[in-house]
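Trainee: Let me begin by handing over the structure; questions about it come next.
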Amino acid sequence: MTPASSTLTLRILLALVSTGLAAVGICADRPAKPSQTAAAGTNTVGHFLRPYAASSLWNARPVKPVFGTFEVPKSSYFPTVASGGYSTGVFLAAATDPPVTVIGSRSTDTKTVGVADPDNGASRLITIPRWPAGVLPAVGTDGHADIIDPITKTIHSFWYLRNVDGQWKAAMYSWSKLNGTGWGDPAHHYQGARAVGVPPTAGLIRKHEIRDGQAIYPHALAMSLTFNALANGKSSPAYVFPATAADNDASANTGAIPQGALMMLPPDFDGSAIVNPDLKKIVETLKVYGAYVVDRNTGTPFVIYVENDAGFKLMPKGWDNTIAGQLDQIRAGLRQVVSAQDWIGADGKSVSASVKAQKKGNILSMRGPWQRQSGTASANYDQATQSLVFDAATTKSVQINDANTGLTRVNWAVPAPGTDMTFTVAATGGATLRVHVLSNKRLVQESKDLADGQSLRFSWPADARLTLVATSGTGGPSSVKAHLAPSP
């Protein structure tokens with residue numbers, strides 16, 4: 001083990017200690033054996049080695065799945081399972097790592113200052129509080145890199161990250177919770193640099209999993225398809241739950257599979273001729289967990305992503321017609337899961353209730369732009385708490401957002417007209433929030449100034465738009481946010 005990998009082992013130990021998982025068999029004074037490292041990732045969840053909650057669909061397997069009939073078409077190249085320019089590295093932050101500020105830039109855009117931040121709804125400077133040494137973005141045009149901070153339990157995800165003359169630059173930034181669902185939600189809809197709004201870490205085949213002695217990977221995999229397989233958003237949606245986004249130009253697609261779809265090999269898939277252990281492990285994982293479609297590639301029927309610098313090669317001696325033919329056999333066997341009787345999480349429990357809750361979750365973000373109507377206190381959207389936060393003031397200040405920016409655009413989360421909805425306020429420091437509900441530009445519902453815990457129940461109108469009016473407390477900082485969802 002090299003000095004760099006010994007440092008990583010120590011970082012993993014410190015990360016697991018910070019999350020209460022020290023007793024997993026990794027020792028700082030000697031290299032971790034693959035089986036020890038694998039045990040840390042298999043027996044516990046929500047940390048660097050195995051992200052997300054036990055109930056996350058990444059860590060859940062479907063029971064009695066029902067399959068569609070569409071076959072992934074052939075394309076310009078053979079399918080592949082690989083690391084490389086369009087995969088990602090995963091970098092572990094430590095408490096002693098310094099902060100780094102990232103500014104915005106594309107390859108031909110050197111004047112942009114802010115990094116695009118879909119959750120914030122604007123471009124801004126991004127300061128990461130702990131930036132590990134050795135961060136190396138993928139060399140492809142997507143430039144993916146994910147930094148995992150075990151202290152805040154956050155995955156910081158970048159698109160088109162580059163270091164230019166000592167200055168870090170990126171085109172887009174998103175964040176998600178290390179112990180969360182691993183998917184966006186209707187309010188915080190973009191939580192990673194993949195097209196569907198998830199971090200490239202999600203579903204990634206990790207270094208420590210490849211030679212862990214297990215027959216399958218302990219989670220669903222991440223997969224991209226190409227244009228002739230993906231749906232175009234016309235005859236069928238461009239994306240489906242649990243995805244909350246898709247490629248902006250989905251209209252160029254000519255297939256039938258939406259992004260966010262789970263692809264699996266049916267139980268009767270005959271992989272008996274596959275003897276390559278790496279490919280066999282992929283096949284068995286596709287039968288149990290499957291792979292979620294998270295992105296689009298150009299010309300490859302499917303790509304399953306492996307962590308960069310993992311040393312994973314299906315064809316270590318060069319092109320292998322047998323392996324290529326077996327990858328094509330997998331392509332022909334893959335089918336979309338259209339339903340399942342149940343889902344079983346990493347703790348062996350059903351996650352169906354959690355999935356239903358995600359589908360009916362909060363559809364309102366407090367992102368701006370906000371304009372001050374009166375008073376002197378400034379207010380800013382705080383992403384960590386998903387709240388509008390007011391500075392301390394001796395008098396009340398009023399901020400308004402009439403741009404409808406906070407209402408979800410996630411296709412499967414938009415309420416149907418007539419849906420019974422509940423708007424509930426959570427506030428600190430005496431702040432309040434009022435909502436105006438408009439339909440076809442006409443006011444149809446207005447609340448009073450709602451304090452912490454107060455709510456409004458109303459019927460969702462057609463062509464709904466919302467105007468939010470937030471009022472600060474006095475005497476100290478205050479904050480406010482709202483939860484808008486179908487009534488229980």
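In the structure tokens, the first chain shown is A, the next is B, and so on; residue numbers restart at 1 for each chain, and ligands run from 1 in the order shown.
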With only C-alpha atoms as the counted atoms, please give the residues lying no more than 8 Å from Pro98 of chain A, apart from itself and same-chain residues fewer than 3 positions off, as a CSV table (one decimal) with C-alpha atoms, in the first residue's frame.

Mentor:
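Writing the result to selection_3.csv gives the following:
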chain,number,residue,atom,x,y,z
A,129,PRO,CA,-15.2,24.2,4.5
A,130,ARG,CA,-12.9,21.2,4.2
A,131,TRP,CA,-11.1,20.4,0.9
A,132,PRO,CA,-9.0,17.3,0.7

Trainee: May I have the residues within 9 Å of segment 304-317 of chain A as JSON, numbers by chain, using only C-alpha atoms and disregarding those fewer than 3 positions away in the same chain?

Mentor: {"A": [79, 80, 81, 82, 83, 84, 85, 86, 87, 88, 89, 90, 138, 200, 201, 203, 204, 205, 206, 207, 208, 210, 221, 222, 223, 224, 276, 278, 279, 291, 320, 323]}

Trainee: Could you give me the residues within segment 39-196 of chain A that DSSP places in strand (DSSP E), as a PyMOL selection string?

Mentor: chain A and resi 61-63+66-67+80-82+90-92+100-104+115-117+122-124+126-128+145-149+154-159+162-164+167-170+172-177

Trainee: May I ask which of the residues A:Arg457, A:Asn59, A:Thr69, A:Asn297 is the closest one to Thr141 of chain A, counting only C-alpha atoms?

Mentor: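 The closest residue to Thr141 of chain A is A:Asn297.
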
Trainee: What does the structure give for the distance between atom CA of Leu407 of chain A and atom CA of His156 of chain A, in Å to one decimal?

Mentor: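 Atom CA of His156 of chain A lies 24.1 Å from atom CA of Leu407 of chain A.
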
Trainee: With only C-alpha atoms counted and 9 Å as the cut-off, give the residues of segment 69-152 of chain A in contact with segment 166-174 of chain A, each with its shortest interatomic distance in Å and the pair that gives it, as CSV.

Mentor:
residue,atom,partner,partner_atom,distance
A:Val100,CA,A:Trp168,CA,8.0
A:Thr101,CA,A:Trp168,CA,7.2
A:Val102,CA,A:Trp168,CA,5.0
A:Ile103,CA,A:Lys169,CA,4.8
A:Gly104,CA,A:Ala170,CA,5.0
A:Ser105,CA,A:Ala171,CA,5.5
A:Arg106,CA,A:Ala171,CA,5.7
A:Val113,CA,A:Lys169,CA,9.0
A:Gly114,CA,A:Ala171,CA,8.5
A:Val115,CA,A:Met172,CA,5.4
A:Ala116,CA,A:Met172,CA,4.5
A:Asp117,CA,A:Tyr173,CA,5.4
A:Pro118,CA,A:Ser174,CA,7.1
A:Asp119,CA,A:Ser174,CA,7.2
A:Ser123,CA,A:Met172,CA,8.5
A:Ile126,CA,A:Tyr173,CA,7.8
A:Gly143,CA,A:Ala170,CA,8.5

Trainee: So which residues touch Lys441 of chain A within 9 Å, counting only C-alpha atoms, skipping near sequence neighbours fewer than 2 positions away, as a list in words?

Mentor: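 Selected residues are Leu438, Ser439, Leu443, Asp463, Ala464 and Arg465 of chain A.
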
Trainee: Hey, can you spit out that residue selection with all heavy atoms as a CSV table (one decimal), in the first residue's frame?

Mentor:
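So the final result, stored in selection.csv, reads:
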chain,number,residue,atom,x,y,z
A,438,LEU,N,-52.4,31.9,-6.5
A,438,LEU,CA,-53.0,32.4,-7.6
A,438,LEU,C,-53.3,31.3,-8.7
A,438,LEU,O,-52.6,30.3,-8.8
A,438,LEU,CB,-52.1,33.5,-8.3
A,438,LEU,CG,-51.9,34.7,-7.5
A,438,LEU,CD1,-50.6,34.6,-6.6
A,438,LEU,CD2,-51.7,36.0,-8.4
A,439,SER,N,-54.4,31.5,-9.4
A,439,SER,CA,-54.8,30.6,-10.5
A,439,SER,C,-55.1,31.4,-11.7
A,439,SER,O,-56.0,32.3,-11.6
A,439,SER,CB,-56.0,29.7,-10.1
A,439,SER,OG,-56.4,28.9,-11.2
A,443,LEU,N,-56.1,35.8,-7.7
A,443,LEU,CA,-55.9,35.4,-6.3
A,443,LEU,C,-57.1,34.5,-5.9
A,443,LEU,O,-58.2,34.9,-6.0
A,443,LEU,CB,-55.8,36.6,-5.3
A,443,LEU,CG,-55.6,36.3,-3.9
A,443,LEU,CD1,-54.2,35.6,-3.6
A,443,LEU,CD2,-55.7,37.5,-3.0
A,463,ASP,N,-53.2,25.8,-12.9
A,463,ASP,CA,-52.2,26.8,-13.2
A,463,ASP,C,-51.8,27.6,-11.9
A,463,ASP,O,-51.8,28.8,-11.9
A,463,ASP,CB,-52.8,27.8,-14.2
A,463,ASP,CG,-51.7,28.7,-14.8
A,463,ASP,OD1,-50.6,28.3,-14.9
A,463,ASP,OD2,-52.0,29.9,-15.0
A,464,ALA,N,-51.5,26.9,-10.9
A,464,ALA,CA,-51.2,27.5,-9.6
A,464,ALA,C,-49.8,28.2,-9.6
A,464,ALA,O,-48.8,27.8,-10.2
A,464,ALA,CB,-51.2,26.5,-8.5
A,465,ARG,N,-49.8,29.4,-9.0
A,465,ARG,CA,-48.6,30.2,-8.7
A,465,ARG,C,-48.7,30.6,-7.3
A,465,ARG,O,-49.8,30.9,-6.7
A,465,ARG,CB,-48.4,31.4,-9.6
A,465,ARG,CG,-48.2,31.0,-11.1
A,465,ARG,CD,-48.0,32.3,-11.9
A,465,ARG,NE,-47.0,33.1,-11.5
A,465,ARG,CZ,-45.7,33.1,-11.9
A,465,ARG,NH1,-45.3,32.1,-12.8
A,465,ARG,NH2,-44.8,33.9,-11.5

Trainee: Determine, counting only C-alpha atoms, which protein, DNA and RNA residues have an atom within 8 Å of an atom of Ser459 of chain A; residues of the same chain fewer than 3 positions away are not included. Present the result as a VMD selection string.

Mentor: chain A and resid 417 to 421

Trainee: Just want the 10 Å neighbourhood of Ala384 of chain A, counted on only C-alpha atoms, with same-chain residues fewer than 5 positions away dropped. Output as a list in words.

Mentor: Thr152, Thr154, Trp175, Ser176 and Lys177 of chain A

Trainee: Give me, please, the distance in Å between atom CA of Asn362 of chain A and atom CA of Gly184 of chain A, quoted to one decimal.

Mentor: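 Atom-to-atom, atom CA of Asn362 of chain A to atom CA of Gly184 of chain A, that is 11.4 Å.
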
Trainee: Mind pulling up the distance from atom CA of Trp159 of chain A to atom CA of Arg61 of chain A?

Mentor: 29.0 Å

Trainee: Here is a test: counting only C-alpha atoms, which residue of A:Arg367, A:Arg442, A:Lys396, A:His47 is nearest to His188 of chain A?

Mentor: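 Nearest to His188 of chain A: A:Arg367.
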
Trainee: Excluding Ser397 of chain A and its own-chain neighbours fewer than 5 positions away, which residues fall within 7 Å of it when counting only C-alpha atoms? Please give them as a ChimeraX atom specification.

Mentor: /A:374-377,471-472

Trainee: May I have the residues within 6 Å of segment 378-381 of chain A as a list in words, using only C-alpha atoms and disregarding those fewer than 3 positions away in the same chain?

Mentor: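 Everything that qualifies: Arg367, Ser387, Leu388, Val389, Phe390 and Asp391 of chain A.
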
Trainee: List every residue of segment 196-353 of chain A that DSSP, applied to the backbone of this structure, places in helix (DSSP H, G or I), and write the result as an mmCIF file with N, CA and C atoms, in the first residue's frame.

Mentor:
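The result, stored in states.cif:
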data_model
loop_
_atom_site.group_PDB
_atom_site.id
_atom_site.type_symbol
_atom_site.label_atom_id
_atom_site.label_comp_id
_atom_site.auth_asym_id
_atom_site.auth_seq_id
_atom_site.Cartn_x
_atom_site.Cartn_y
_atom_site.Cartn_z
ATOM 1 N N LYS A 207 -13.921 1.364 -5.074
ATOM 2 C CA LYS A 207 -12.658 0.619 -5.042
ATOM 3 C C LYS A 207 -12.703 -0.545 -4.058
ATOM 4 N N HIS A 208 -13.195 -0.261 -2.862
ATOM 5 C CA HIS A 208 -13.150 -1.265 -1.805
ATOM 6 C C HIS A 208 -14.141 -2.397 -2.024
ATOM 7 N N GLU A 209 -15.053 -2.259 -2.997
ATOM 8 C CA GLU A 209 -16.071 -3.280 -3.238
ATOM 9 C C GLU A 209 -15.654 -4.302 -4.292
ATOM 10 N N ILE A 210 -14.658 -3.963 -5.100
ATOM 11 C CA ILE A 210 -14.359 -4.783 -6.275
ATOM 12 C C ILE A 210 -13.793 -6.142 -5.888
ATOM 13 N N ALA A 250 -33.614 16.488 -23.748
ATOM 14 C CA ALA A 250 -34.179 15.143 -23.851
ATOM 15 C C ALA A 250 -34.986 14.950 -25.131
ATOM 16 N N SER A 251 -35.428 16.032 -25.734
ATOM 17 C CA SER A 251 -36.207 15.927 -26.969
ATOM 18 C C SER A 251 -35.419 15.276 -28.102
ATOM 19 N N ALA A 252 -34.091 15.214 -27.968
ATOM 20 C CA ALA A 252 -33.255 14.573 -28.984
ATOM 21 C C ALA A 252 -33.259 13.052 -28.859
ATOM 22 N N PRO A 277 -14.962 -13.103 -13.349
ATOM 23 C CA PRO A 277 -15.552 -12.810 -12.030
ATOM 24 C C PRO A 277 -16.081 -11.381 -11.902
ATOM 25 N N ASP A 278 -15.421 -10.431 -12.545
ATOM 26 C CA ASP A 278 -15.885 -9.045 -12.460
ATOM 27 C C ASP A 278 -17.220 -8.870 -13.174
ATOM 28 N N LEU A 279 -17.356 -9.471 -14.350
ATOM 29 C CA LEU A 279 -18.604 -9.356 -15.091
ATOM 30 C C LEU A 279 -19.701 -10.188 -14.441
ATOM 31 N N LYS A 280 -19.336 -11.332 -13.893
ATOM 32 C CA LYS A 280 -20.330 -12.167 -13.221
ATOM 33 C C LYS A 280 -20.920 -11.436 -12.013
ATOM 34 N N LYS A 281 -20.083 -10.712 -11.289
ATOM 35 C CA LYS A 281 -20.566 -9.952 -10.132
ATOM 36 C C LYS A 281 -21.543 -8.865 -10.580
ATOM 37 N N ILE A 282 -21.268 -8.246 -11.734
ATOM 38 C CA ILE A 282 -22.188 -7.253 -12.292
ATOM 39 C C ILE A 282 -23.532 -7.905 -12.603
ATOM 40 N N VAL A 283 -23.496 -9.063 -13.251
ATOM 41 C CA VAL A 283 -24.725 -9.766 -13.632
ATOM 42 C C VAL A 283 -25.560 -10.092 -12.403
ATOM 43 N N GLU A 284 -24.922 -10.622 -11.377
ATOM 44 C CA GLU A 284 -25.680 -11.003 -10.177
ATOM 45 C C GLU A 284 -26.255 -9.773 -9.477
ATOM 46 N N THR A 285 -25.527 -8.667 -9.508
ATOM 47 C CA THR A 285 -26.041 -7.433 -8.909
ATOM 48 C C THR A 285 -27.242 -6.916 -9.699
ATOM 49 N N LEU A 286 -27.172 -7.007 -11.020
ATOM 50 C CA LEU A 286 -28.286 -6.560 -11.857
ATOM 51 C C LEU A 286 -29.533 -7.415 -11.646
ATOM 52 N N LYS A 287 -29.366 -8.631 -11.190
ATOM 53 C CA LYS A 287 -30.523 -9.486 -10.897
ATOM 54 C C LYS A 287 -31.160 -9.157 -9.552
ATOM 55 N N VAL A 288 -30.357 -8.652 -8.612
ATOM 56 C CA VAL A 288 -30.843 -8.419 -7.247
ATOM 57 C C VAL A 288 -31.216 -6.952 -7.028
ATOM 58 N N ASN A 321 -13.280 -10.378 -27.554
ATOM 59 C CA ASN A 321 -14.561 -10.580 -28.235
ATOM 60 C C ASN A 321 -15.567 -11.317 -27.359
ATOM 61 N N THR A 322 -15.082 -12.216 -26.517
ATOM 62 C CA THR A 322 -15.994 -12.971 -25.653
ATOM 63 C C THR A 322 -16.669 -12.043 -24.649
ATOM 64 N N ILE A 323 -15.880 -11.209 -23.977
ATOM 65 C CA ILE A 323 -16.440 -10.266 -23.007
ATOM 66 C C ILE A 323 -17.379 -9.291 -23.711
ATOM 67 N N ALA A 324 -16.977 -8.801 -24.874
ATOM 68 C CA ALA A 324 -17.826 -7.867 -25.617
ATOM 69 C C ALA A 324 -19.163 -8.505 -25.949
ATOM 70 N N GLY A 325 -19.128 -9.781 -26.390
ATOM 71 C CA GLY A 325 -20.370 -10.476 -26.710
ATOM 72 C C GLY A 325 -21.245 -10.670 -25.487
ATOM 73 N N GLN A 326 -20.640 -10.925 -24.336
ATOM 74 C CA GLN A 326 -21.419 -11.109 -23.111
ATOM 75 C C GLN A 326 -22.016 -9.787 -22.630
ATOM 76 N N LEU A 327 -21.291 -8.680 -22.802
ATOM 77 C CA LEU A 327 -21.864 -7.375 -22.500
ATOM 78 C C LEU A 327 -23.075 -7.094 -23.395
ATOM 79 N N ASP A 328 -22.980 -7.509 -24.652
ATOM 80 C CA ASP A 328 -24.114 -7.324 -25.547
ATOM 81 C C ASP A 328 -25.278 -8.237 -25.156
ATOM 82 N N GLN A 329 -24.980 -9.403 -24.642
ATOM 83 C CA GLN A 329 -26.032 -10.297 -24.127
ATOM 84 C C GLN A 329 -26.744 -9.647 -22.945
ATOM 85 N N ILE A 330 -25.990 -8.987 -22.087
ATOM 86 C CA ILE A 330 -26.594 -8.272 -20.953
ATOM 87 C C ILE A 330 -27.482 -7.144 -21.479
ATOM 88 N N ARG A 331 -26.980 -6.397 -22.466
ATOM 89 C CA ARG A 331 -27.789 -5.334 -23.069
ATOM 90 C C ARG A 331 -29.148 -5.855 -23.521
ATOM 91 N N ALA A 332 -29.133 -6.976 -24.236
ATOM 92 C CA ALA A 332 -30.375 -7.533 -24.765
ATOM 93 C C ALA A 332 -31.292 -8.044 -23.663
ATOM 94 N N GLY A 333 -30.709 -8.375 -22.503
ATOM 95 C CA GLY A 333 -31.518 -8.916 -21.411
ATOM 96 C C GLY A 333 -32.073 -7.872 -20.467
ATOM 97 N N SER A 352 -41.260 0.634 1.591
ATOM 98 C CA SER A 352 -42.399 1.126 0.810
ATOM 99 C C SER A 352 -42.993 2.395 1.409
ATOM 100 N N ALA A 353 -43.092 2.453 2.744
ATOM 101 C CA ALA A 353 -43.647 3.649 3.387
ATOM 102 C C ALA A 353 -42.756 4.853 3.131
#

Trainee: Measuring atom to atom with only C-alpha atoms, identify which of A:Pro186, A:Gly233, A:Gly213, A:Pro62 is nearest to Gly348 of chain A.

Mentor: A:Pro62

Trainee: Kindly indicate which residue among A:Val437, A:Ala451, A:Ala54, A:Ala256 lies nearest to Val351 of chain A, using only C-alpha atoms for the distances.

Mentor: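 Checking each of A:Val437, A:Ala451, A:Ala54, A:Ala256 against Val351 of chain A, counting only C-alpha atoms, the winner is A:Ala54.
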